[in-house]
>>> print(open('model.cif').read())   # mmCIF, C-alpha atoms
data_final
loop_
_atom_site.label_atom_id
_atom_site.label_comp_id
_atom_site.auth_asym_id
_atom_site.auth_seq_id
_atom_site.Cartn_x
_atom_site.Cartn_y
_atom_site.Cartn_z
CA MET A 286 -30.95 4.48 -22.05
CA ALA A 287 -29.18 1.40 -23.40
CA GLU A 288 -30.23 -2.09 -22.39
CA LEU A 289 -27.97 -4.73 -20.96
CA THR A 290 -27.06 -7.37 -23.51
CA GLU A 291 -27.91 -11.06 -23.11
CA ASP A 292 -24.32 -11.69 -21.99
CA GLN A 293 -24.59 -9.13 -19.23
CA ILE A 294 -27.90 -10.38 -17.89
CA ARG A 295 -27.21 -13.18 -15.45
CA ASP A 296 -29.27 -14.16 -12.50
CA VAL A 297 -27.15 -13.87 -9.39
CA ASN A 298 -29.02 -15.89 -6.79
CA ALA A 299 -27.79 -16.65 -3.26
CA GLU A 300 -26.08 -19.89 -4.30
CA VAL A 301 -24.25 -18.30 -7.23
CA LEU A 302 -23.18 -15.38 -5.04
CA GLU A 303 -21.74 -17.74 -2.44
CA HIS A 304 -19.66 -19.52 -5.12
CA MET A 305 -18.48 -16.16 -6.48
CA MET A 306 -17.40 -14.94 -3.05
CA ASN A 307 -15.91 -18.25 -1.92
CA PRO A 308 -15.15 -20.55 -4.85
CA LYS A 309 -14.90 -24.13 -3.56
CA ASN A 310 -11.99 -26.43 -4.44
CA TYR A 311 -10.00 -23.69 -6.19
CA GLY A 312 -6.33 -24.60 -6.40
CA GLU A 313 -3.89 -27.29 -7.47
CA ILE A 314 -3.25 -30.91 -6.46
CA GLU A 315 0.35 -32.05 -6.42
CA ASN A 316 0.93 -35.46 -8.03
CA ALA A 317 -2.62 -35.53 -9.37
CA SER A 318 -3.97 -38.72 -10.94
CA GLY A 319 -5.15 -36.73 -13.95
CA ILE A 320 -4.83 -33.13 -15.13
CA GLY A 321 -7.01 -31.71 -17.87
CA ILE A 322 -7.49 -28.38 -19.59
CA GLY A 323 -10.63 -27.10 -21.32
CA LEU A 324 -9.43 -24.44 -23.73
CA ASP A 325 -11.16 -21.75 -25.71
CA LYS A 326 -8.59 -21.35 -28.43
CA SER A 327 -9.99 -18.15 -29.86
CA THR A 328 -9.86 -16.21 -26.57
CA GLY A 329 -7.10 -18.12 -24.78
CA GLU A 330 -9.40 -18.63 -21.76
CA PHE A 331 -9.16 -22.00 -20.07
CA ALA A 332 -10.14 -24.10 -17.07
CA ILE A 333 -7.89 -26.73 -15.53
CA ILE A 334 -9.00 -29.68 -13.40
CA TYR A 335 -6.88 -31.85 -11.11
CA LEU A 336 -8.14 -35.29 -10.07
CA ASP A 337 -6.94 -37.25 -7.07
CA LEU A 338 -8.34 -40.80 -7.29
CA ASP A 339 -8.01 -43.61 -4.79
CA GLU A 340 -7.46 -47.28 -5.70
CA ASN A 341 -11.24 -47.75 -6.17
CA GLU A 342 -11.42 -44.80 -8.56
CA ASN A 343 -13.23 -42.58 -6.10
CA LEU A 344 -12.50 -38.87 -6.22
CA LYS A 345 -10.63 -38.32 -2.97
CA ASP A 346 -10.09 -34.76 -4.08
CA ILE A 347 -10.74 -32.58 -7.08
CA LYS A 348 -9.52 -29.05 -7.64
CA TYR A 349 -9.81 -26.54 -10.41
CA GLY A 350 -8.36 -23.29 -11.61
CA CYS A 351 -9.27 -20.99 -14.45
CA GLN A 352 -8.29 -18.02 -16.46
CA ALA A 353 -11.79 -17.12 -17.47
CA CYS A 354 -14.89 -15.21 -16.44
CA GLN A 355 -17.09 -15.52 -13.35
CA ASP A 356 -19.40 -18.03 -15.07
CA THR A 357 -16.46 -20.44 -15.27
CA VAL A 358 -15.46 -19.75 -11.67
CA VAL A 359 -18.99 -20.55 -10.50
CA ALA A 360 -19.32 -23.61 -12.79
CA GLY A 361 -16.00 -25.00 -11.53
CA SER A 362 -17.00 -24.49 -7.92
CA LEU A 363 -20.44 -26.07 -8.39
CA PHE A 364 -19.19 -29.03 -10.44
CA THR A 365 -16.28 -29.93 -8.15
CA GLU A 366 -18.53 -29.70 -5.09
CA MET A 367 -21.04 -31.98 -6.78
CA VAL A 368 -18.56 -34.75 -7.64
CA LYS A 369 -15.99 -34.57 -4.82
CA GLY A 370 -15.98 -37.86 -2.87
CA GLU A 371 -17.99 -39.63 -5.57
CA SER A 372 -16.85 -42.35 -7.96
CA LEU A 373 -15.26 -41.45 -11.28
CA THR A 374 -18.19 -43.14 -13.06
CA TYR A 375 -20.65 -40.92 -11.19
CA ALA A 376 -18.60 -37.80 -11.98
CA THR A 377 -18.37 -38.72 -15.66
CA GLU A 378 -22.15 -39.19 -15.85
CA ALA A 379 -22.68 -35.92 -14.00
CA ALA A 380 -20.46 -34.13 -16.53
CA LYS A 381 -22.51 -35.61 -19.39
CA ARG A 382 -25.79 -34.51 -17.79
CA LEU A 383 -24.42 -31.03 -17.24
CA GLU A 384 -23.24 -30.84 -20.83
CA ILE A 385 -26.79 -31.55 -22.01
CA LYS A 386 -28.31 -29.14 -19.51
CA ILE A 387 -26.23 -26.14 -20.57
CA GLN A 388 -27.15 -26.56 -24.24
CA ASP A 389 -30.14 -24.31 -23.58
CA ALA A 390 -28.06 -21.55 -22.03
CA PRO A 391 -26.90 -18.45 -24.02
CA PRO A 392 -23.76 -19.24 -26.09
CA LYS A 393 -21.35 -17.34 -23.82
CA GLN A 394 -22.54 -19.11 -20.68
CA GLN A 395 -22.58 -22.39 -22.58
CA ALA A 396 -18.92 -21.94 -23.45
CA CYS A 397 -17.86 -20.68 -20.02
CA SER A 398 -19.48 -23.60 -18.17
CA GLY A 399 -18.52 -26.02 -20.93
CA MET A 400 -14.88 -25.16 -20.31
CA VAL A 401 -15.09 -26.87 -16.90
CA ILE A 402 -16.71 -29.99 -18.36
CA LYS A 403 -14.09 -30.20 -21.11
CA ALA A 404 -11.35 -29.82 -18.48
CA PHE A 405 -12.83 -32.67 -16.47
CA GLN A 406 -13.13 -34.88 -19.56
CA ALA A 407 -9.54 -34.06 -20.49
CA ALA A 408 -8.38 -34.95 -16.96
CA VAL A 409 -10.11 -38.34 -17.26
CA LEU A 410 -8.42 -38.90 -20.63
CA HIS A 411 -5.08 -37.96 -19.09
CA LYS A 412 -5.62 -40.40 -16.25
CA GLN A 413 -6.51 -43.17 -18.70
CA SER A 414 -3.48 -42.38 -20.84
CA ARG A 415 -1.22 -42.54 -17.78
CA ASP A 416 -2.75 -45.88 -16.81
CA ASN A 417 -1.66 -47.10 -20.24
CA GLY A 418 1.88 -45.82 -19.87
CA GLY A 419 1.41 -42.30 -21.25
CA THR A 420 3.86 -39.67 -20.01
CA GLU A 421 2.11 -36.41 -20.94
CA ASP A 422 1.95 -33.70 -18.25
CA MET A 423 -1.75 -33.14 -18.95
CA ALA A 424 -4.42 -33.42 -21.63
CA THR A 425 -6.24 -30.60 -23.39
CA LEU A 426 -9.64 -30.49 -25.05
CA GLU A 427 -10.72 -27.48 -27.04
CA LEU A 428 -14.20 -25.97 -26.95
CA ASN A 429 -16.46 -26.17 -29.98
CA ILE A 430 -18.01 -22.84 -29.16
CA SER A 431 -15.99 -19.87 -27.97
CA CYS A 432 -16.73 -17.60 -25.02
CA GLU A 433 -17.46 -14.91 -27.58
CA GLY A 434 -20.39 -17.03 -28.76
CA VAL A 435 -18.90 -18.09 -32.10
CA GLU A 436 -18.00 -21.56 -33.28
CA ASN A 437 -14.37 -22.58 -32.97
CA LYS A 438 -14.40 -23.94 -36.54
CA GLU A 439 -11.33 -26.15 -36.30
CA ASN A 440 -13.01 -28.22 -33.60
CA VAL A 441 -16.48 -28.64 -35.06
CA MET B 266 10.94 -19.76 6.69
CA LYS B 267 12.69 -19.45 3.34
CA LEU B 268 12.76 -16.08 1.60
CA ASN B 269 10.20 -17.11 -1.02
CA GLU B 270 7.90 -18.34 1.77
CA ILE B 271 8.25 -15.00 3.53
CA TYR B 272 7.29 -13.41 0.23
CA GLN B 273 4.11 -15.53 0.09
CA ALA B 274 3.26 -14.64 3.68
CA LYS B 275 3.83 -10.93 2.96
CA HIS B 276 1.63 -11.17 -0.14
CA GLU B 277 -1.15 -12.57 2.04
CA LEU B 278 -0.53 -9.88 4.66
CA TRP B 279 -0.86 -7.16 2.02
CA LEU B 280 -4.23 -8.60 0.99
CA LYS B 281 -5.43 -8.99 4.58
CA ILE B 282 -4.72 -5.35 5.42
CA LEU B 283 -5.95 -4.05 2.05
CA PHE B 284 -9.26 -5.90 2.22
CA ALA B 285 -9.72 -4.92 5.86
CA SER B 286 -9.52 -1.31 4.64
CA PHE B 287 -12.26 -2.10 2.08
CA ALA B 288 -14.42 -3.71 4.77
CA ILE B 289 -14.24 -0.96 7.38
CA LYS B 290 -16.73 1.89 7.06
CA ASN B 291 -15.07 4.65 9.12
CA ASP B 292 -13.15 6.74 6.57
CA GLU B 293 -10.32 7.70 8.92
CA ILE B 294 -9.58 4.08 9.85
CA LYS B 295 -10.15 2.91 6.28
CA ASN B 296 -7.54 5.39 5.03
CA GLU B 297 -5.03 4.47 7.72
CA LEU B 298 -5.32 0.77 6.94
CA TYR B 299 -5.11 1.50 3.23
CA ASP B 300 -1.85 3.41 3.78
CA MET B 301 -0.50 0.43 5.75
CA ALA B 302 -1.47 -1.88 2.89
CA MET B 303 0.33 0.32 0.38
CA ILE B 304 3.48 0.23 2.53
CA GLU B 305 3.13 -3.57 2.59
CA PHE B 306 2.91 -3.48 -1.20
CA ARG B 307 6.21 -1.57 -1.35
CA HIS B 308 7.75 -4.18 0.97
CA LEU B 309 6.65 -6.79 -1.55
CA LYS B 310 8.32 -4.90 -4.37
CA TRP B 311 11.61 -4.60 -2.49
CA LEU B 312 11.42 -8.21 -1.43
CA SER B 313 10.87 -9.33 -5.02
CA ASN B 314 13.99 -7.31 -6.03
CA LYS B 315 15.93 -9.13 -3.33
CA LEU B 316 14.66 -12.52 -4.49
CA LYS B 317 15.66 -11.73 -8.06
CA ASP B 318 19.11 -10.53 -6.96
CA GLU B 319 19.61 -13.77 -5.05
CA ASN B 320 18.32 -15.86 -7.99
CA ILE B 321 15.45 -17.26 -5.95
CA GLU B 322 12.18 -18.11 -7.69
CA TYR B 323 9.06 -16.66 -6.13
CA ASP B 324 5.38 -16.92 -6.89
CA TYR B 325 1.99 -15.49 -6.02
CA ASP B 326 0.57 -18.65 -4.49
CA LYS B 327 -1.53 -18.04 -1.43
CA GLY B 328 -3.54 -20.09 1.01
CA ALA B 329 -7.17 -19.61 1.98
CA ILE B 330 -7.60 -16.19 3.56
CA ASP B 331 -10.50 -15.70 5.93
CA ILE B 332 -11.26 -12.00 5.90
CA GLU B 333 -14.83 -12.27 7.14
CA LYS B 334 -14.86 -10.43 10.47
CA LYS B 335 -17.82 -9.16 12.45
CA SER B 336 -16.43 -5.93 13.89
CA ASN B 337 -13.61 -3.40 13.54
CA PHE B 338 -12.03 -4.67 16.78
CA GLU B 339 -12.06 -8.22 15.49
CA TYR B 340 -10.19 -6.93 12.43
CA PHE B 341 -7.61 -5.02 14.50
CA ASN B 342 -6.90 -8.10 16.66
CA TYR B 343 -6.72 -10.31 13.58
CA LEU B 344 -4.29 -7.99 11.78
CA ILE B 345 -2.05 -7.70 14.85
CA SER B 346 -1.86 -11.49 15.10
CA GLN B 347 -1.17 -11.88 11.38
CA ILE B 348 1.59 -9.25 11.38
CA LYS B 349 3.21 -10.90 14.42
CA LEU B 350 3.17 -14.29 12.70
CA VAL B 351 5.32 -13.07 9.80
CA LEU B 352 7.39 -10.61 11.78
CA LYS B 353 9.23 -13.29 13.74
CA GLU B 354 10.66 -14.63 10.48
CA TYR B 355 12.63 -11.51 9.53
CA ASN B 356 16.38 -11.22 9.84
CA PRO B 357 16.89 -7.90 11.68
CA ASP B 358 20.49 -7.61 10.45
CA ASP B 359 19.31 -7.20 6.90
CA ALA B 360 18.63 -3.57 5.91
CA LEU B 361 15.36 -4.40 4.13
CA PHE B 362 14.02 -6.50 6.97
CA ALA B 363 15.10 -3.87 9.50
CA ARG B 364 12.93 -1.40 7.61
CA ILE B 365 10.02 -3.88 7.40
CA LEU B 366 10.30 -4.61 11.12
CA SER B 367 10.21 -0.93 11.97
CA ASP B 368 7.12 -0.39 9.80
CA GLU B 369 5.28 -3.39 11.16
CA TYR B 370 6.05 -2.63 14.83
CA TYR B 371 4.50 0.75 14.14
CA PHE B 372 1.45 -0.86 12.49
CA ILE B 373 0.96 -3.03 15.58
CA ALA B 374 1.24 0.02 17.84
CA ARG B 375 -1.31 1.90 15.74
CA LEU B 376 -3.71 -1.05 15.68
CA ASN B 377 -3.43 -1.28 19.47
CA ILE B 378 -4.25 2.41 19.77
CA LEU B 379 -7.29 1.86 17.55
CA LEU B 380 -8.31 -0.99 19.85
CA ASN B 381 -8.21 1.36 22.83
CA SER B 382 -10.49 3.83 21.17
CA THR B 383 -14.24 3.97 20.73
CA ASN B 384 -13.90 2.99 17.10
CA ASP B 385 -15.60 -0.37 17.17
CA GLU B 386 -18.34 -0.85 14.61
CA THR B 387 -20.22 -3.75 13.04
CA ILE B 388 -18.82 -4.91 9.70
CA THR B 389 -21.43 -5.10 6.94
CA ALA B 390 -19.07 -5.88 4.05
CA PHE B 391 -20.10 -9.54 3.98
CA ASN B 392 -23.85 -9.34 4.62
CA LYS B 393 -24.70 -10.00 0.93
CA GLN B 394 -27.35 -7.26 0.90
CA ARG B 395 -26.11 -5.96 -2.44
CA ILE B 396 -27.31 -2.42 -1.88
CA TYR B 397 -24.89 0.25 -3.03
CA LYS B 398 -25.09 3.53 -1.11
CA ASN B 399 -28.86 3.13 -0.57
CA LYS B 400 -29.43 3.31 -4.32
CA ASN B 401 -32.54 1.65 -5.61
CA LEU B 402 -31.13 -0.39 -8.53
CA ASP B 403 -33.37 -3.04 -10.08
CA LYS B 404 -32.34 -6.70 -9.91
CA VAL B 405 -30.97 -6.88 -13.46
CA SER B 406 -28.75 -3.83 -12.88
CA THR B 407 -27.67 -5.10 -9.46
CA ASP B 408 -26.74 -8.49 -10.92
CA ALA B 409 -24.80 -6.87 -13.78
CA LEU B 410 -23.00 -4.60 -11.33
CA THR B 411 -22.20 -7.58 -9.08
CA ILE B 412 -20.70 -9.60 -11.94
CA PHE B 413 -18.78 -6.58 -13.22
CA LEU B 414 -17.26 -5.86 -9.80
CA PHE B 415 -16.17 -9.46 -9.29
CA GLU B 416 -14.69 -9.70 -12.79
CA GLU B 417 -12.86 -6.39 -12.52
CA THR B 418 -11.61 -6.81 -8.96
CA TYR B 419 -9.92 -10.03 -9.99
CA LYS B 420 -8.66 -8.45 -13.22
CA GLU B 421 -7.07 -5.47 -11.44
CA TYR B 422 -5.46 -7.75 -8.85
CA GLU B 423 -4.16 -9.95 -11.65
CA LEU B 424 -2.76 -6.99 -13.59
CA ILE B 425 -1.04 -5.52 -10.54
CA LEU B 426 0.77 -8.80 -9.90
CA ILE B 427 1.64 -9.53 -13.53
CA TYR B 428 2.99 -6.02 -14.16
CA ALA B 429 4.91 -6.14 -10.87
CA TYR B 430 6.49 -9.43 -11.95
CA MET B 431 7.35 -8.09 -15.42
CA GLN B 432 8.71 -4.90 -13.88
CA ASN B 433 10.99 -6.89 -11.60
CA TYR B 434 12.51 -8.75 -14.53
CA THR B 435 12.99 -5.96 -17.05
CA ASP B 436 16.17 -3.93 -17.56
CA ASP B 437 14.47 -1.50 -19.91
CA LEU B 438 13.63 1.87 -18.37
CA VAL B 439 10.68 2.61 -20.67
CA GLN B 440 9.09 -0.73 -19.89
CA TYR B 441 9.81 -0.30 -16.18
CA ASN B 442 8.05 3.06 -16.12
CA VAL B 443 5.09 1.85 -18.18
CA TYR B 444 4.59 -1.09 -15.81
CA GLN B 445 4.76 1.27 -12.83
CA ASP B 446 2.09 3.50 -14.37
CA LEU B 447 -0.12 0.51 -15.10
CA ILE B 448 0.36 -0.84 -11.55
CA ASP B 449 -0.59 2.55 -10.09
CA GLU B 450 -3.68 2.69 -12.29
CA SER B 451 -4.79 -0.82 -11.38
CA ILE B 452 -4.20 -0.16 -7.69
CA PHE B 453 -6.57 2.78 -7.92
CA HIS B 454 -9.18 0.70 -9.74
CA LEU B 455 -8.82 -2.14 -7.23
CA LYS B 456 -9.38 0.36 -4.43
CA CYS B 457 -12.54 1.70 -6.11
CA PHE B 458 -14.00 -1.73 -6.88
CA GLY B 459 -12.96 -3.25 -3.53
CA ASN B 460 -14.67 -0.44 -1.63
CA MET B 461 -17.79 -0.86 -3.77
CA LEU B 462 -17.84 -4.62 -3.04
CA GLY B 463 -17.53 -3.80 0.67
CA GLN B 464 -20.34 -1.25 0.50
CA MET B 465 -22.55 -3.81 -1.27
CA GLY B 466 -21.82 -6.49 1.34
CA ILE B 467 -20.11 -8.87 -1.11
CA LEU B 468 -16.43 -8.33 -0.38
CA ALA B 469 -14.16 -11.27 -1.24
CA ILE B 470 -10.45 -11.85 -1.82
CA PRO B 471 -9.63 -12.50 -5.49
CA ARG B 472 -8.75 -16.05 -6.46
CA THR B 473 -5.12 -17.16 -6.80
CA LEU B 474 -3.28 -16.36 -10.02
CA MET B 475 -2.12 -19.26 -12.12
CA LYS B 476 1.65 -19.27 -12.58
CA ASN B 477 1.59 -19.40 -16.36
CA LEU B 478 0.03 -15.92 -16.32
CA TYR B 479 3.11 -14.22 -14.92
CA LYS B 480 5.97 -16.67 -15.43
CA ARG B 481 6.05 -16.13 -19.17
CA ASN B 482 8.43 -15.39 -22.01
CA ASP B 483 5.92 -13.99 -24.50
CA ILE B 484 5.61 -10.52 -22.98
CA LYS B 485 4.91 -8.88 -26.31
CA GLN B 486 1.99 -11.24 -26.97
CA PHE B 487 0.75 -10.68 -23.42
CA LEU B 488 0.69 -6.92 -24.00
CA LEU B 489 -0.99 -7.27 -27.40
CA ASP B 490 -3.65 -9.52 -25.89
CA GLY B 491 -3.93 -7.07 -23.02
CA ILE B 492 -4.67 -4.23 -25.43
CA GLU B 493 -7.56 -6.24 -26.88
CA GLU B 494 -8.77 -7.07 -23.36
CA GLU B 495 -8.69 -3.39 -22.40
CA LYS B 496 -10.82 -2.61 -25.44
CA ALA B 497 -13.31 -5.31 -24.42
CA ALA B 498 -13.32 -4.04 -20.83
CA LYS B 499 -14.07 -0.56 -22.17
CA GLU B 500 -17.10 -1.91 -24.01
CA GLU B 501 -18.35 -3.64 -20.85
CA CYS B 502 -17.89 -0.41 -18.94
CA ILE B 503 -19.78 1.62 -21.57
CA LYS B 504 -22.67 -0.86 -21.61
CA LEU B 505 -22.84 -0.90 -17.83
CA ALA B 506 -22.65 2.90 -17.60
CA GLN B 507 -25.55 3.18 -20.04
CA ALA B 508 -27.66 0.43 -18.53
CA VAL B 509 -27.29 1.10 -14.80
CA GLN B 510 -30.00 3.65 -14.26
CA ASP B 511 -28.13 5.89 -11.88
CA GLU B 512 -26.34 9.09 -12.80
CA GLU B 513 -23.58 8.84 -10.19
CA LEU B 514 -22.70 5.26 -11.16
CA SER B 515 -22.90 6.03 -14.88
CA LYS B 516 -20.46 8.91 -14.46
CA PHE B 517 -18.14 6.69 -12.46
CA PHE B 518 -18.10 4.00 -15.15
CA ASP B 519 -17.53 6.63 -17.86
CA PHE B 520 -14.58 7.91 -15.83
CA ILE B 521 -13.11 4.40 -15.49
CA ASN B 522 -13.78 3.70 -19.14
CA PHE B 523 -11.89 6.80 -20.24
CA GLN B 524 -8.90 5.78 -18.13
CA GLU B 525 -8.72 2.52 -20.12
CA ASN B 526 -7.94 4.55 -23.27
CA TYR B 527 -4.67 5.70 -21.79
CA HIS B 528 -3.82 2.18 -20.56
CA ILE B 529 -3.96 1.09 -24.17
CA LYS B 530 -1.53 3.88 -25.13
CA LEU B 531 0.82 2.89 -22.31
CA MET B 532 0.76 -0.74 -23.36
CA GLU B 533 1.43 0.22 -26.97
CA LYS B 534 4.41 2.23 -25.73
CA ALA B 535 5.77 -0.88 -23.98
CA VAL B 536 5.19 -3.00 -27.10
CA ASP B 537 7.15 -0.48 -29.19
CA VAL B 538 10.33 -1.00 -27.17
CA LEU B 539 10.13 -4.79 -27.12
#
>>> encode(input="model.cif", output="structure tokens")
Amino acid sequence: MAELTEDQIRDVNAEVLEHMMNPKNYGEIENASGIGIGLDKSTGEFAIIYLDLDENENLKDIKYGCQACQDTVVAGSLFTEMVKGESLTYATEAAKRLEIKIQDAPPKQQACSGMVIKAFQAAVLHKQSRDNGGTEDMATLELNISCEGVENKENV
Amino acid sequence: MKLNEIYQAKHELWLKILFASFAIKNDEIKNELYDMAMIEFRHLKWLSNKLKDENIEYDYDKGAIDIEKKSNFEYFNYLISQIKLVLKEYNPDDALFARILSDEYYFIARLNILLNSTNDETITAFNKQRIYKNKNLDKVSTDALTIFLFEETYKEYELILIYAYMQNYTDDLVQYNVYQDLIDESIFHLKCFGNMLGQMGILAIPRTLMKNLYKRNDIKQFLLDGIEEEKAAKEECIKLAQAVQDEELSKFFDFINFQENYHIKLMEKAVDVL
């Protein structure tokens, strides 16, 4: 009898299950203040985050989408729920804390959740670029570690 | 409603009927609703042909769909109301819409007959119990099975829609037939996995597809990537079949795994003619 690999063993608790069944804030925002992509170049998987900020830089709305695994779906749902309605400063700090927290997770889960954080950081960069006259459609940040658990060397 | 908006509404209707069939336990009703859903899927195909012929862009965007119902009767009433909502938008002078109208009036009549029967039953497809057919799987196996079913249900839904889109825009007969085969295969897998999710009490509609997945020019690359993905999915299936300590489930995953081999051949066939 074979054993499940580390990648296949994931604790599905009630909260995770709820986010899997009903991902929160999944979708697009038209005319978003910032749009960012977190990309795993080696697999092509990505997460995208849309920010809608008011004049005081509070997150009126935040939405996400992804072409990635369930870990990313759950991470996107949890993160957007956590920061929706908060200030951009709060959300940026929350992203930093999350980035530190997932460093202890197995590489695949690190990458899959990290994709959401990178997407958020890219969306903030896009917003800042726009504020300074930039005309890009969105910003992209690549992951240092791929979903397959290997380093994306170009980005290290 | 514009034609592309009718398409979106019909896409949602297909999902509503299909997932109702996964939620309902009575096999006779389940099969009848499933047949209705498959007719809805053919409507979608014909409608997408019409949109292409009229040079109208369409997409797979959908709104939030609340499929969580407490009883069969609640489902029947819900489906009747949802069919009626779209039905008033059809132009009855158009041959395709005349056909759709006829089908959907019949669906409403059938659902009303089901409402007049003694077929009401409590829905357990959303109770989150995560017990499959009274099997006694340990937590690690149950979690792995849960993740697998969510991943694969979305994947099959995604493949059905992408292949349907590619099929609508190809003039090559070989490609057209390969896409049809792959759609049929994924529809069968979606049915298997959807029913399993329902039996485990964790049924959910797949998330919306991002447009860049199907509105694409690099079809060859998509197929080549898809071949690699199929190989990876095979590995997941093998691992799960070996690890889930249940003979019936293991055999099922071996069966699904073996089907992936032929998908790879079909995709290679499509790549060859590109």
>>> residues_around(input="model.cif", residues="Gly350 (chain A)", least_positions_apart="6", cutoff="12 Å", atoms="only C-alpha atoms", output="PyMOL selection string")
(chain A and resi 308-314+320-323+330-335+357-362+365+400-401+404-405) or (chain B and resi 472-477)
>>> resolve_selection(input="model.cif", expression="the PyMOL selection byres ((chain B) within 10 of (chain A))", output="PyMOL selection string")
chain B and resi 326-329+331+391+393+404-413+415-417+419-420+467-475+477-478+490+494+501+503-510
>>> residues_around(input="model.cif", residues="Met303 (chain B)", least_positions_apart="5", cutoff="9 Å", atoms="only C-alpha atoms", output="list in words")
Trp279, Leu283, Leu298 and His308 of chain B
>>> resolve_selection(input="model.cif", expression="the PyMOL selection byres ((chain B and resi 496) around 12)", output="PyMOL selection string")
chain B and resi 489-495+497-503+522-530+532
>>> resolve_selection(input="model.cif", expression="the PyMOL selection byres ((chain B and resi 340-351) around 7)", output="list in words")
Ala274, Ile282, Ala285, Lys334, Ser336, Asn337, Phe338, Glu339, Leu352, Lys353, Glu354, Glu369, Ile373, Leu376 and Leu380 of chain B
>>> residues_around(input="model.cif", residues="Ile484 (chain B)", least_positions_apart="2", cutoff="12 Å", atoms="all atoms listed in the file", output="PDB file with C-alpha atoms, in the coordinates of the input")
ATOM      1  CA  ILE B 427       1.640  -9.530 -13.530  1.00  0.00           C
ATOM      2  CA  TYR B 428       2.990  -6.020 -14.160  1.00  0.00           C
ATOM      3  CA  TYR B 430       6.490  -9.430 -11.950  1.00  0.00           C
ATOM      4  CA  MET B 431       7.350  -8.090 -15.420  1.00  0.00           C
ATOM      5  CA  GLN B 432       8.710  -4.900 -13.880  1.00  0.00           C
ATOM      6  CA  TYR B 434      12.510  -8.750 -14.530  1.00  0.00           C
ATOM      7  CA  THR B 435      12.990  -5.960 -17.050  1.00  0.00           C
ATOM      8  CA  GLN B 440       9.090  -0.730 -19.890  1.00  0.00           C
ATOM      9  CA  TYR B 444       4.590  -1.090 -15.810  1.00  0.00           C
ATOM     10  CA  ASN B 477       1.590 -19.400 -16.360  1.00  0.00           C
ATOM     11  CA  LEU B 478       0.030 -15.920 -16.320  1.00  0.00           C
ATOM     12  CA  TYR B 479       3.110 -14.220 -14.920  1.00  0.00           C
ATOM     13  CA  LYS B 480       5.970 -16.670 -15.430  1.00  0.00           C
ATOM     14  CA  ARG B 481       6.050 -16.130 -19.170  1.00  0.00           C
ATOM     15  CA  ASN B 482       8.430 -15.390 -22.010  1.00  0.00           C
ATOM     16  CA  GLN B 486       1.990 -11.240 -26.970  1.00  0.00           C
ATOM     17  CA  PHE B 487       0.750 -10.680 -23.420  1.00  0.00           C
ATOM     18  CA  LEU B 488       0.690  -6.920 -24.000  1.00  0.00           C
ATOM     19  CA  LEU B 489      -0.990  -7.270 -27.400  1.00  0.00           C
ATOM     20  CA  ASP B 490      -3.650  -9.520 -25.890  1.00  0.00           C
ATOM     21  CA  GLY B 491      -3.930  -7.070 -23.020  1.00  0.00           C
ATOM     22  CA  MET B 532       0.760  -0.740 -23.360  1.00  0.00           C
ATOM     23  CA  ALA B 535       5.770  -0.880 -23.980  1.00  0.00           C
ATOM     24  CA  VAL B 536       5.190  -3.000 -27.100  1.00  0.00           C
ATOM     25  CA  ASP B 537       7.150  -0.480 -29.190  1.00  0.00           C
ATOM     26  CA  VAL B 538      10.330  -1.000 -27.170  1.00  0.00           C
ATOM     27  CA  LEU B 539      10.130  -4.790 -27.120  1.00  0.00           C
TER      28      LEU B 539
END
>>> atom_distance(input="model.cif", atom1="CA of Phe362 (chain B)", atom2="CA of Leu280 (chain B)")
19.3 Å
>>> residues_near_point(input="model.cif", point="(-13.7, -33.5, -3.2)", cutoff="6 Å", atoms="all atoms listed in the file", output="PyMOL selection string")
chain A and resi 345-347+369-370
>>> atom_distance(input="model.cif", atom1="CA of Lys403 (chain A)", atom2="CA of Leu428 (chain A)")
7.2 Å
>>> atom_distance(input="model.cif", atom1="CA of Ser398 (chain A)", atom2="CA of Ala380 (chain A)")
10.7 Å
>>> decode(input="model.cif", residues="region 413-434 of chain A", atoms="C-alpha atoms", output="PDB file, in the first residue's frame")
ATOM      1  CA  GLN A 413       1.628  53.116  -7.398  1.00  0.00           C
ATOM      2  CA  SER A 414       2.843  53.131 -10.991  1.00  0.00           C
ATOM      3  CA  ARG A 415      -0.526  54.450 -12.175  1.00  0.00           C
ATOM      4  CA  ASP A 416      -0.411  57.161  -9.522  1.00  0.00           C
ATOM      5  CA  ASN A 417       2.877  58.218 -11.091  1.00  0.00           C
ATOM      6  CA  GLY A 418       1.494  58.279 -14.615  1.00  0.00           C
ATOM      7  CA  GLY A 419       2.171  54.659 -15.601  1.00  0.00           C
ATOM      8  CA  THR A 420      -0.090  53.205 -18.283  1.00  0.00           C
ATOM      9  CA  GLU A 421       0.482  49.455 -17.899  1.00  0.00           C
ATOM     10  CA  ASP A 422      -2.626  47.221 -17.816  1.00  0.00           C
ATOM     11  CA  MET A 423      -1.285  45.353 -14.791  1.00  0.00           C
ATOM     12  CA  ALA A 424       1.908  44.368 -12.990  1.00  0.00           C
ATOM     13  CA  THR A 425       3.379  40.893 -12.632  1.00  0.00           C
ATOM     14  CA  LEU A 426       5.672  39.419 -10.002  1.00  0.00           C
ATOM     15  CA  GLU A 427       7.167  35.987 -10.447  1.00  0.00           C
ATOM     16  CA  LEU A 428       7.506  33.416  -7.678  1.00  0.00           C
ATOM     17  CA  ASN A 429      10.922  32.439  -6.376  1.00  0.00           C
ATOM     18  CA  ILE A 430       9.777  28.917  -5.717  1.00  0.00           C
ATOM     19  CA  SER A 431       7.573  26.991  -8.118  1.00  0.00           C
ATOM     20  CA  CYS A 432       4.445  25.002  -7.314  1.00  0.00           C
ATOM     21  CA  GLU A 433       6.473  21.923  -8.135  1.00  0.00           C
ATOM     22  CA  GLY A 434       8.673  22.744  -5.143  1.00  0.00           C
TER      23      GLY A 434
END
